[in-house]
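Enquirer: Input file: query23.cif. Contents: mmCIF, C-alpha atoms.
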data_my_file
#
loop_
_atom_site.label_atom_id
_atom_site.label_comp_id
_atom_site.auth_asym_id
_atom_site.auth_seq_id
_atom_site.Cartn_x
_atom_site.Cartn_y
_atom_site.Cartn_z
CA MET M 9 0.00 0.00 0.00
CA ASP M 10 1.27 3.44 -0.86
CA GLY M 11 0.15 6.94 0.03
CA LEU M 12 -2.52 7.02 -2.65
CA ASP M 13 -4.02 3.73 -1.44
CA ARG M 14 -4.23 5.22 2.04
CA ALA M 15 -5.81 8.42 0.76
CA ILE M 16 -8.40 6.36 -1.14
CA ILE M 17 -9.19 4.23 1.91
CA ASN M 18 -9.50 7.23 4.20
CA ALA M 19 -11.71 9.12 1.75
CA LEU M 20 -14.04 6.27 0.79
CA GLN M 21 -14.70 5.04 4.31
CA GLY M 22 -16.61 8.26 4.72
CA GLY M 23 -19.02 7.62 1.87
CA PHE M 24 -19.27 7.03 -1.85
CA PRO M 25 -21.20 9.17 -4.33
CA ILE M 26 -24.59 7.98 -5.50
CA SER M 27 -24.52 9.42 -8.99
CA GLU M 28 -24.35 8.19 -12.57
CA ARG M 29 -20.53 8.15 -12.58
CA PRO M 30 -19.58 7.83 -8.92
CA PHE M 31 -16.03 6.59 -9.55
CA ALA M 32 -15.32 9.61 -11.74
CA ASP M 33 -16.76 11.91 -9.05
CA ALA M 34 -14.78 10.28 -6.25
CA ALA M 35 -11.61 10.17 -8.35
CA SER M 36 -11.74 13.87 -9.14
CA GLU M 37 -11.97 14.63 -5.40
CA LEU M 38 -8.77 12.61 -5.00
CA GLY M 39 -7.08 14.24 -7.98
CA ILE M 40 -6.83 11.02 -10.03
CA ASP M 41 -8.84 9.51 -12.88
CA GLN M 42 -11.50 6.86 -12.49
CA THR M 43 -9.51 4.14 -14.24
CA GLU M 44 -6.81 4.46 -11.60
CA LEU M 45 -9.37 4.51 -8.78
CA ILE M 46 -11.21 1.44 -10.07
CA GLY M 47 -7.90 -0.38 -10.61
CA ARG M 48 -6.68 0.35 -7.10
CA LEU M 49 -9.98 -0.59 -5.48
CA SER M 50 -9.98 -3.90 -7.38
CA ARG M 51 -6.51 -4.63 -6.09
CA LEU M 52 -7.37 -3.69 -2.50
CA VAL M 53 -10.38 -6.01 -2.62
CA ASP M 54 -8.31 -8.82 -4.19
CA ASP M 55 -5.55 -8.36 -1.60
CA GLY M 56 -8.12 -8.64 1.20
CA VAL M 57 -7.43 -5.19 2.64
CA LEU M 58 -11.07 -4.34 2.06
CA SER M 59 -13.77 -6.54 3.51
CA ARG M 60 -15.86 -5.21 0.65
CA PHE M 61 -16.59 -2.18 -1.43
CA GLY M 62 -20.27 -1.71 -0.85
CA PRO M 63 -22.90 -1.08 1.79
CA LEU M 64 -22.77 -1.12 5.55
CA PHE M 65 -26.30 -2.13 6.45
CA ASN M 66 -28.24 -1.28 9.55
CA ALA M 67 -29.73 -4.73 10.08
CA GLU M 68 -31.79 -3.69 13.10
CA ARG M 69 -33.48 -0.85 11.29
CA MET M 70 -34.47 -3.34 8.62
CA GLY M 71 -36.09 -5.56 11.22
CA GLY M 72 -33.11 -7.86 11.64
CA ALA M 73 -31.23 -8.61 14.84
CA ALA M 74 -27.54 -8.91 15.72
CA THR M 75 -26.54 -10.37 19.06
CA LEU M 76 -23.19 -10.98 20.70
CA ALA M 77 -22.75 -14.40 22.28
CA ALA M 78 -19.95 -16.01 24.26
CA MET M 79 -19.01 -19.52 25.34
CA SER M 80 -16.50 -21.01 27.70
CA VAL M 81 -15.00 -23.85 25.68
CA PRO M 82 -12.51 -26.41 27.06
CA LYS M 83 -9.22 -26.22 25.15
CA ALA M 84 -9.37 -29.79 23.94
CA ASP M 85 -12.87 -29.26 22.60
CA PHE M 86 -12.24 -25.94 20.93
CA ASP M 87 -11.93 -26.96 17.30
CA ARG M 88 -14.99 -29.20 17.42
CA VAL M 89 -17.10 -26.41 18.93
CA ALA M 90 -15.69 -23.80 16.52
CA ALA M 91 -16.65 -25.99 13.57
CA ILE M 92 -20.23 -26.30 14.85
CA VAL M 93 -20.58 -22.57 15.49
CA ASN M 94 -18.93 -21.49 12.21
CA ALA M 95 -21.18 -23.81 10.21
CA ARG M 96 -24.26 -21.82 11.25
CA PRO M 97 -25.16 -19.34 8.52
CA GLU M 98 -26.37 -16.91 11.22
CA VAL M 99 -22.84 -16.54 12.62
CA ALA M 100 -21.28 -13.41 11.11
CA HIS M 101 -17.91 -13.71 12.80
CA ASN M 102 -16.27 -15.73 15.49
CA TYR M 103 -13.13 -15.02 17.51
CA GLU M 104 -11.07 -16.87 20.07
CA ARG M 105 -10.28 -14.47 22.93
CA ASN M 106 -8.04 -14.62 25.99
CA HIS M 107 -10.65 -14.97 28.73
CA ARG M 108 -12.44 -17.80 30.50
CA LEU M 109 -15.22 -16.99 28.05
CA ASN M 110 -12.93 -17.79 25.14
CA MET M 111 -15.25 -17.97 22.12
CA TRP M 112 -17.12 -14.85 21.01
CA PHE M 113 -19.41 -14.68 18.03
CA VAL M 114 -22.14 -12.50 16.54
CA LEU M 115 -25.46 -13.96 15.46
CA THR M 116 -27.46 -12.13 12.82
CA THR M 117 -31.05 -13.16 12.25
CA ASP M 118 -34.03 -11.83 10.33
CA CYS M 119 -35.79 -10.90 13.56
CA ALA M 120 -35.00 -10.85 17.28
CA GLU M 121 -37.26 -13.84 17.91
CA ALA M 122 -35.11 -16.03 15.68
CA THR M 123 -32.06 -15.70 17.93
CA ALA M 124 -33.19 -18.03 20.73
CA PRO M 125 -33.72 -21.13 18.56
CA VAL M 126 -30.27 -20.69 17.01
CA VAL M 127 -28.71 -20.42 20.48
CA GLN M 128 -30.60 -23.51 21.63
CA ALA M 129 -29.43 -25.45 18.59
CA ILE M 130 -25.80 -24.50 19.25
CA GLU M 131 -26.16 -25.47 22.91
CA ALA M 132 -27.72 -28.82 22.00
CA GLU M 133 -25.08 -29.63 19.41
CA THR M 134 -22.07 -28.55 21.49
CA GLY M 135 -23.31 -29.55 24.94
CA LEU M 136 -22.13 -26.16 26.25
CA SER M 137 -24.07 -23.14 27.37
CA VAL M 138 -24.12 -19.90 25.39
CA LEU M 139 -24.25 -16.50 27.11
CA VAL M 140 -26.21 -14.03 25.02
CA MET M 141 -25.58 -10.30 25.47
CA PRO M 142 -28.17 -8.30 23.56
CA LYS M 143 -27.40 -4.73 22.62
CA ILE M 144 -29.19 -2.09 24.67
CA ALA M 145 -27.67 1.04 23.13
CA GLU M 146 -25.30 1.82 20.31
CA TYR M 147 -22.81 4.66 20.67
CA ARG M 148 -20.75 3.97 17.61
CA LEU M 149 -20.72 1.54 14.72
CA ASP M 150 -18.92 2.78 11.66
CA LEU M 151 -15.97 0.39 11.35
CA ARG M 152 -13.80 3.28 10.19
CA LEU M 153 -10.07 3.26 10.81
CA GLU M 154 -7.44 5.58 9.44
CA ALA M 155 -5.18 3.89 6.90
CA MET Z 14 -40.03 4.34 5.69
CA ASP Z 15 -41.33 1.01 4.48
CA VAL Z 16 -38.84 -1.28 2.83
CA THR Z 17 -40.37 -2.54 -0.38
CA GLU Z 18 -39.76 -5.83 -2.13
CA THR Z 19 -37.75 -3.87 -4.70
CA ASP Z 20 -35.57 -2.44 -1.94
CA ARG Z 21 -34.91 -5.93 -0.61
CA ARG Z 22 -33.87 -7.13 -4.04
CA LEU Z 23 -31.67 -4.08 -4.46
CA LEU Z 24 -29.97 -4.57 -1.08
CA ALA Z 25 -29.43 -8.25 -1.78
CA GLY Z 26 -27.97 -7.30 -5.17
CA ILE Z 27 -25.30 -5.04 -3.66
CA ALA Z 28 -24.66 -6.94 -0.40
CA ASP Z 29 -21.40 -8.44 -1.65
CA GLY Z 30 -20.23 -5.18 -3.12
CA LEU Z 31 -20.79 -2.66 -5.88
CA PRO Z 32 -19.53 -3.57 -9.35
CA LEU Z 33 -16.22 -1.79 -10.00
CA VAL Z 34 -17.29 -0.32 -13.32
CA GLU Z 35 -17.81 3.21 -14.60
CA ARG Z 36 -21.58 3.17 -13.99
CA PRO Z 37 -22.10 0.70 -11.14
CA TYR Z 38 -25.71 1.66 -10.45
CA ARG Z 39 -26.68 1.04 -14.05
CA ARG Z 40 -25.02 -2.38 -13.86
CA VAL Z 41 -26.88 -3.20 -10.63
CA GLY Z 42 -30.13 -2.08 -12.25
CA ASP Z 43 -29.52 -4.16 -15.38
CA ASP Z 44 -29.21 -7.27 -13.20
CA LEU Z 45 -32.44 -6.49 -11.34
CA GLY Z 46 -34.60 -5.04 -14.11
CA LEU Z 47 -34.44 -1.52 -12.67
CA SER Z 48 -33.34 1.69 -14.32
CA GLU Z 49 -30.19 3.46 -13.18
CA ALA Z 50 -32.35 6.36 -11.96
CA GLU Z 51 -34.49 4.01 -9.86
CA VAL Z 52 -31.42 2.42 -8.26
CA ILE Z 53 -29.97 5.83 -7.44
CA ALA Z 54 -33.25 7.12 -6.01
CA ARG Z 55 -33.85 4.02 -3.87
CA LEU Z 56 -30.29 3.94 -2.52
CA ARG Z 57 -30.48 7.61 -1.58
CA ALA Z 58 -33.76 6.96 0.22
CA LEU Z 59 -32.37 3.91 2.05
CA ILE Z 60 -29.33 5.86 3.24
CA GLY Z 61 -31.50 8.84 4.16
CA ALA Z 62 -33.68 6.58 6.30
CA GLY Z 63 -30.65 5.01 7.94
CA MET Z 64 -31.33 1.51 6.57
CA VAL Z 65 -27.92 1.67 4.94
CA ARG Z 66 -25.40 3.35 7.24
CA ARG Z 67 -23.04 4.20 4.44
CA LEU Z 68 -21.73 3.03 1.10
CA GLY Z 69 -18.09 2.64 0.20
CA ILE Z 70 -15.05 1.01 1.73
CA VAL Z 71 -15.33 -1.41 4.64
CA VAL Z 72 -11.79 -2.30 5.74
CA ARG Z 73 -10.36 -5.40 7.34
CA HIS Z 74 -8.58 -3.88 10.32
CA HIS Z 75 -5.93 -6.60 10.59
CA GLU Z 76 -4.98 -6.34 6.92
CA LEU Z 77 -4.76 -2.56 7.29
CA GLY Z 78 -2.00 -3.00 9.87
CA TYR Z 79 -4.13 -2.94 13.02
CA ARG Z 80 -2.80 -6.25 14.25
CA ALA Z 81 -3.98 -5.94 17.83
CA ASN Z 82 -7.72 -5.74 18.22
CA ALA Z 83 -9.15 -5.75 21.68
CA MET Z 84 -12.63 -5.93 23.06
CA ALA Z 85 -12.38 -3.57 26.03
CA VAL Z 86 -15.21 -3.80 28.56
CA TRP Z 87 -16.25 -1.93 31.68
CA ASP Z 88 -18.88 -2.34 34.36
CA VAL Z 89 -20.44 1.12 34.38
CA PRO Z 90 -23.25 2.25 36.68
CA ASP Z 91 -26.42 2.67 34.64
CA ASP Z 92 -26.65 6.40 35.32
CA ARG Z 93 -23.18 7.03 33.88
CA ILE Z 94 -23.12 4.68 30.95
CA GLN Z 95 -24.49 7.00 28.30
CA GLU Z 96 -21.87 9.63 29.02
CA ALA Z 97 -19.14 6.99 29.08
CA GLY Z 98 -20.33 5.50 25.78
CA ARG Z 99 -20.34 8.86 24.08
CA LEU Z 100 -16.83 9.66 25.28
CA LEU Z 101 -15.49 6.33 24.01
CA ALA Z 102 -17.31 6.70 20.69
CA ALA Z 103 -15.45 9.94 20.01
CA GLU Z 104 -12.03 8.20 20.07
CA PRO Z 105 -10.53 7.57 16.60
CA ASP Z 106 -9.31 4.04 17.37
CA VAL Z 107 -12.67 2.87 18.71
CA THR Z 108 -14.78 1.45 15.86
CA LEU Z 109 -17.64 -0.06 17.82
CA CYS Z 110 -19.13 0.96 21.13
CA TYR Z 111 -22.23 -0.63 22.62
CA ARG Z 112 -24.08 -1.02 25.84
CA ARG Z 113 -25.10 -4.65 26.38
CA ASP Z 114 -26.81 -6.70 29.04
CA ARG Z 115 -24.59 -7.99 31.84
CA ARG Z 116 -24.62 -11.73 32.49
CA PRO Z 117 -23.56 -12.09 36.11
CA PRO Z 118 -21.82 -13.91 37.63
CA GLU Z 119 -19.84 -14.95 34.54
CA TRP Z 120 -19.92 -11.55 32.90
CA PRO Z 121 -20.35 -8.36 34.96
CA TYR Z 122 -19.53 -5.87 32.16
CA ASN Z 123 -22.03 -3.73 30.28
CA LEU Z 124 -20.00 -1.30 28.13
CA PHE Z 125 -18.14 -2.75 25.14
CA ALA Z 126 -15.66 -1.02 22.84
CA MET Z 127 -13.47 -2.42 20.07
CA VAL Z 128 -10.05 -0.77 20.25
CA HIS Z 129 -7.56 -1.19 17.41
CA GLY Z 130 -3.79 -0.65 17.32
CA ARG Z 131 -0.53 -1.74 15.77
CA CYS Z 132 0.45 -4.02 18.65
CA ARG Z 133 -0.94 -5.37 21.91
CA ARG Z 134 1.20 -3.23 24.14
CA LEU Z 135 -0.04 -0.09 22.39
CA VAL Z 136 -3.66 -1.18 22.73
CA GLN Z 137 -3.16 -2.03 26.42
CA MET Z 138 -1.80 1.47 27.00
CA ARG Z 139 -4.71 2.99 25.07
CA VAL Z 140 -7.26 1.06 27.11
CA ALA Z 141 -5.50 2.22 30.29
CA GLN Z 142 -5.81 5.80 29.00
CA LEU Z 143 -9.46 5.32 28.14
CA SER Z 144 -10.06 3.89 31.61
CA ASP Z 145 -8.95 7.25 33.00
CA LEU Z 146 -11.79 9.07 31.23
CA PRO Z 147 -13.92 10.82 33.86
CA SER Z 148 -16.91 8.50 33.61
CA LEU Z 149 -14.77 5.31 33.51
CA ALA Z 150 -12.12 6.02 36.15
CA GLY Z 151 -11.89 3.37 38.84
CA LEU Z 152 -14.44 1.01 37.31
CA PRO Z 153 -13.89 -2.74 36.89
CA ASN Z 154 -12.71 -3.51 33.37
CA ALA Z 155 -11.14 -6.19 31.21
CA VAL Z 156 -9.33 -6.35 27.87
CA LEU Z 157 -9.96 -9.35 25.65
CA PHE Z 158 -7.60 -9.75 22.70
CA SER Z 159 -8.48 -11.90 19.75
CA ARG Z 160 -6.25 -14.94 19.39
CA ARG Z 161 -7.76 -16.35 16.23
CA ARG Z 162 -10.39 -15.20 13.80
CA PHE Z 163 -12.43 -18.09 12.50
CA LYS Z 164 -14.96 -16.33 10.43
CA GLN Z 165 -15.54 -12.79 9.29
CA ARG Z 166 -18.19 -11.82 6.87
CA GLY Z 167 -19.53 -8.33 6.84
CA ALA Z 168 -22.53 -7.48 8.95
CA ARG Z 169 -24.78 -8.49 6.12
CA TYR Z 170 -28.34 -7.58 5.65
CA ALA Z 171 -30.21 -10.30 7.45
CA PRO Z 172 -33.39 -10.77 5.36
CA LEU Z 173 -31.45 -11.99 2.34
CA ALA Z 174 -33.09 -15.37 2.74
CA GLU Z 175 -36.40 -13.89 1.73
CA VAL Z 176 -35.16 -13.06 -1.72
CA ALA Z 177 -32.85 -16.00 -2.29
#
Would you mind writing the file out in structure tokens?
Expert:
Amino acid sequence: MDGLDRAIINALQGGFPISERPFADAASELGIDQTELIGRLSRLVDDGVLSRFGPLFNAERMGGAATLAAMSVPKADFDRVAAIVNARPEVAHNYERNHRLNMWFVLTTDCAEATAPVVQAIEAETGLSVLVMPKIAEYRLDLRLEA
Amino acid sequence: MDVTETDRRLLAGIADGLPLVERPYRRVGDDLGLSEAEVIARLRALIGAGMVRRLGIVVRHHELGYRANAMAVWDVPDDRIQEAGRLLAAEPDVTLCYRRDRRPPEWPYNLFAMVHGRCRRLVQMRVAQLSDLPSLAGLPNAVLFSRRRFKQRGARYAPLAEVA
């Protein structure tokens, strides 16, 4: 990544034009042409620096639900449990963390009522309990970081 | 606003990303049987109504060089949590900040923030700094670093199944 890549990332985390030629509009703000912008974005997506070039949805406002959940998984059992959890299409991401509660994942469902059955299924399949921590208030969610 | 069936198809059509072509909204419309003008109008409305938070780049923090990513948590009295949340949300290296239910006795914490930095030591120092903020000083807290990431897809739009 060079300075122009960073400038592109910093600028386009803040929004992208909704116009007939948005790449041309965004490129002119950056002082480059759209071919260069499109080429660099393609490379950043291919290299995995960008999770995606597209929308950040507000699932809750659309009626969906996203819930954080945690489990305390014995070391020897970790891979088996991770495979069960990761196989669920509702699991958006899953991390091992350094705490007694060592597996943390986010469940996204079409509605809040659909969360409980997914949790029960994971508990039944793994034999472990799942702590669910629903969101009460959101102070920030923009996933923006300076490049 | 009401989300129409057309909106759902449109959101499903762009969920994985916008086409990287000169006129991406025309391309999206071609695939869905909508005009470019309709796509532009609906997307503007969906962003205006907050259904779509924003459009553009969503980074992978690790690949961007933020190799240490901590979930920092505090147990904040209910009457101070809003102030504390707003203070944390204003920090540039905090990308997410939520209030969540506590789950005592296993989990006494109710304020969650994702803090990102180049290395663990740096993030530990930042969390120590944040813990000195007026509404957080002296409160029980913990820092959970990620050891492994098993799965990361974007926070996708949930009702995709309805249009699949």
Enquirer: Any chance you could work out the residue set of the PyMOL selection byres ((chain M and resi 69) around 9) here, as a list in words?
Expert: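 On this input, the PyMOL selection byres ((chain M and resi 69) around 9) captures Phe65, Asn66, Ala67, Glu68, Met70, Gly71, Gly72 and Ala73 of chain M; Ala62, Gly63, Met64 and Val65 of chain Z.
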Enquirer: Grab all the atoms of range 44-58 of chain M that the file lists, wrap them in a box along x, y and z, add 8 Å per side, and give me centre plus edge lengths in Å (one decimal) as JSON.
Expert:
{"center_x": -8.4, "center_y": -2.2, "center_z": -4.5, "size_x": 21.7, "size_y": 29.3, "size_z": 30.2}
Enquirer: Determine, using all atoms listed in the file, which residues of chain M have any atom at most 7 Å from an atom of chain Z, and tabulate each with its shortest atom pair and distance in Å to one decimal place, rows ordered by chain and then rising number, as CSV.
Expert:
residue,atom,partner,partner_atom,distance
M:Ile17,CA,Z:Ile70,CA,6.7
M:Leu20,CA,Z:Ile70,CA,5.4
M:Gln21,CA,Z:Ile70,CA,4.8
M:Gly23,CA,Z:Gly69,CA,5.3
M:Phe24,CA,Z:Gly69,CA,5.0
M:Ile26,CA,Z:Ile53,CA,6.1
M:Ser27,CA,Z:Ile53,CA,6.7
M:Glu28,CA,Z:Arg36,CA,5.9
M:Arg29,CA,Z:Arg36,CA,5.3
M:Phe31,CA,Z:Glu35,CA,6.3
M:Ile46,CA,Z:Leu33,CA,6.0
M:Gly56,CA,Z:Glu76,CA,6.9
M:Val57,CA,Z:Glu76,CA,5.1
M:Leu58,CA,Z:Val72,CA,4.3
M:Ser59,CA,Z:Val72,CA,5.2
M:Arg60,CA,Z:Val71,CA,5.5
M:Phe61,CA,Z:Ile70,CA,4.7
M:Gly62,CA,Z:Gly30,CA,4.1
M:Pro63,CA,Z:Leu68,CA,4.3
M:Leu64,CA,Z:Arg67,CA,5.4
M:Phe65,CA,Z:Val65,CA,4.4
M:Asn66,CA,Z:Met64,CA,5.1
M:Ala67,CA,Z:Tyr170,CA,5.4
M:Arg69,CA,Z:Met64,CA,5.7
M:Met70,CA,Z:Met64,CA,6.1
M:Gly72,CA,Z:Ala171,CA,5.6
M:Asn94,CA,Z:Lys164,CA,6.7
M:Ala100,CA,Z:Arg166,CA,5.5
M:His101,CA,Z:Gln165,CA,4.3
M:Asn102,CA,Z:Lys164,CA,5.3
M:Tyr103,CA,Z:Arg162,CA,4.6
M:Glu104,CA,Z:Arg161,CA,5.1
M:Arg105,CA,Z:Ser159,CA,4.5
M:Asn106,CA,Z:Leu157,CA,5.6
M:His107,CA,Z:Leu157,CA,6.4
M:Thr116,CA,Z:Ala171,CA,6.3
M:Thr117,CA,Z:Ala171,CA,5.7
M:Asp118,CA,Z:Ala171,CA,5.0
M:Met141,CA,Z:Asp114,CA,5.2
M:Pro142,CA,Z:Arg113,CA,5.5
M:Lys143,CA,Z:Arg113,CA,4.4
M:Ile144,CA,Z:Arg113,CA,5.1
M:Ala145,CA,Z:Arg112,CA,4.9
M:Glu146,CA,Z:Tyr111,CA,4.6
M:Tyr147,CA,Z:Cys110,CA,5.2
M:Arg148,CA,Z:Cys110,CA,4.9
M:Leu149,CA,Z:Leu109,CA,4.7
M:Asp150,CA,Z:Thr108,CA,6.0
M:Leu151,CA,Z:Thr108,CA,4.8
M:Arg152,CA,Z:Thr108,CA,6.0
M:Leu153,CA,Z:Asp106,CA,6.6
M:Ala155,CA,Z:Leu77,CA,6.5
Enquirer: Record the distance separating CA of Gly42 in chain Z and CA of Leu38 in chain M, expressed in Å with one decimal.
Expert: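 Result for CA of Gly42 in chain Z versus CA of Leu38 in chain M: 26.9 Å, one decimal.
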Enquirer: Could you list as a list in words every residue that has an atom within 10 Å of (-26.1, -21.8, 11.9), using the file's coordinates and counting only C-alpha atoms?
Expert: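 Residues with an atom close enough to that point: Ile92, Val93, Asn94, Ala95, Arg96, Pro97, Glu98, Val99, Ala100, Leu115, Thr116, Thr117, Val126, Val127, Ala129 and Ile130 of chain M.
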Enquirer: Report, in Å to a single decimal, how far apart CA of Val128 in chain Z and CA of Arg93 in chain Z are.
Expert: 20.5 Å
Enquirer: Once N, CA and C atoms are restored for range 85-112 of chain Z, what would the output be as a tab-separated table (two decimals), keeping the file's coordinate frame?
Expert:
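Output file rebuild-v6.tsv is given in full below:
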chain	number	residue	atom	x	y	z
Z	85	ALA	N	-12.54	-4.14	24.69
Z	85	ALA	CA	-12.38	-3.57	26.03
Z	85	ALA	C	-13.76	-3.43	26.64
Z	86	VAL	N	-13.88	-3.82	27.91
Z	86	VAL	CA	-15.21	-3.80	28.56
Z	86	VAL	C	-15.11	-3.19	29.95
Z	87	TRP	N	-16.18	-2.54	30.36
Z	87	TRP	CA	-16.25	-1.93	31.68
Z	87	TRP	C	-17.61	-2.24	32.30
Z	88	ASP	N	-17.61	-2.23	33.62
Z	88	ASP	CA	-18.88	-2.34	34.36
Z	88	ASP	C	-19.22	-0.93	34.84
Z	89	VAL	N	-20.14	-0.29	34.14
Z	89	VAL	CA	-20.44	1.12	34.38
Z	89	VAL	C	-21.82	1.25	35.03
Z	90	PRO	N	-21.92	2.03	36.10
Z	90	PRO	CA	-23.25	2.25	36.68
Z	90	PRO	C	-24.21	2.79	35.62
Z	91	ASP	N	-25.45	2.33	35.68
Z	91	ASP	CA	-26.42	2.67	34.64
Z	91	ASP	C	-26.56	4.17	34.42
Z	92	ASP	N	-26.42	4.96	35.49
Z	92	ASP	CA	-26.65	6.40	35.32
Z	92	ASP	C	-25.44	7.13	34.72
Z	93	ARG	N	-24.35	6.39	34.50
Z	93	ARG	CA	-23.18	7.03	33.88
Z	93	ARG	C	-22.86	6.45	32.51
Z	94	ILE	N	-23.59	5.43	32.12
Z	94	ILE	CA	-23.12	4.68	30.95
Z	94	ILE	C	-23.28	5.46	29.65
Z	95	GLN	N	-24.30	6.27	29.55
Z	95	GLN	CA	-24.49	7.00	28.30
Z	95	GLN	C	-23.35	7.99	28.07
Z	96	GLU	N	-22.99	8.68	29.11
Z	96	GLU	CA	-21.87	9.63	29.02
Z	96	GLU	C	-20.58	8.89	28.67
Z	97	ALA	N	-20.35	7.76	29.33
Z	97	ALA	CA	-19.14	6.99	29.08
Z	97	ALA	C	-19.11	6.49	27.63
Z	98	GLY	N	-20.25	6.00	27.15
Z	98	GLY	CA	-20.33	5.50	25.78
Z	98	GLY	C	-20.04	6.58	24.76
Z	99	ARG	N	-20.57	7.77	25.02
Z	99	ARG	CA	-20.34	8.86	24.08
Z	99	ARG	C	-18.89	9.30	24.06
Z	100	LEU	N	-18.25	9.30	25.22
Z	100	LEU	CA	-16.83	9.66	25.28
Z	100	LEU	C	-15.99	8.64	24.50
Z	101	LEU	N	-16.25	7.36	24.72
Z	101	LEU	CA	-15.49	6.33	24.01
Z	101	LEU	C	-15.72	6.41	22.51
Z	102	ALA	N	-16.96	6.67	22.11
Z	102	ALA	CA	-17.31	6.70	20.69
Z	102	ALA	C	-16.57	7.80	19.94
Z	103	ALA	N	-16.12	8.82	20.66
Z	103	ALA	CA	-15.45	9.94	20.01
Z	103	ALA	C	-13.97	9.65	19.76
Z	104	GLU	N	-13.46	8.52	20.24
Z	104	GLU	CA	-12.03	8.20	20.07
Z	104	GLU	C	-11.80	7.60	18.68
Z	105	PRO	N	-10.72	8.02	18.00
Z	105	PRO	CA	-10.53	7.57	16.60
Z	105	PRO	C	-10.22	6.08	16.45
Z	106	ASP	N	-9.67	5.46	17.49
Z	106	ASP	CA	-9.31	4.04	17.37
Z	106	ASP	C	-10.37	3.12	17.96
Z	107	VAL	N	-11.53	3.67	18.26
Z	107	VAL	CA	-12.67	2.87	18.71
Z	107	VAL	C	-13.65	2.78	17.54
Z	108	THR	N	-13.89	1.56	17.03
Z	108	THR	CA	-14.78	1.45	15.86
Z	108	THR	C	-16.19	1.02	16.23
Z	109	LEU	N	-16.32	0.39	17.38
Z	109	LEU	CA	-17.64	-0.06	17.82
Z	109	LEU	C	-17.76	0.28	19.29
Z	110	CYS	N	-18.93	0.73	19.70
Z	110	CYS	CA	-19.13	0.96	21.13
Z	110	CYS	C	-20.61	0.73	21.44
Z	111	TYR	N	-20.85	-0.25	22.29
Z	111	TYR	CA	-22.23	-0.63	22.62
Z	111	TYR	C	-22.43	-0.76	24.12
Z	112	ARG	N	-23.65	-0.56	24.52
Z	112	ARG	CA	-24.08	-1.02	25.84
Z	112	ARG	C	-24.80	-2.35	25.64
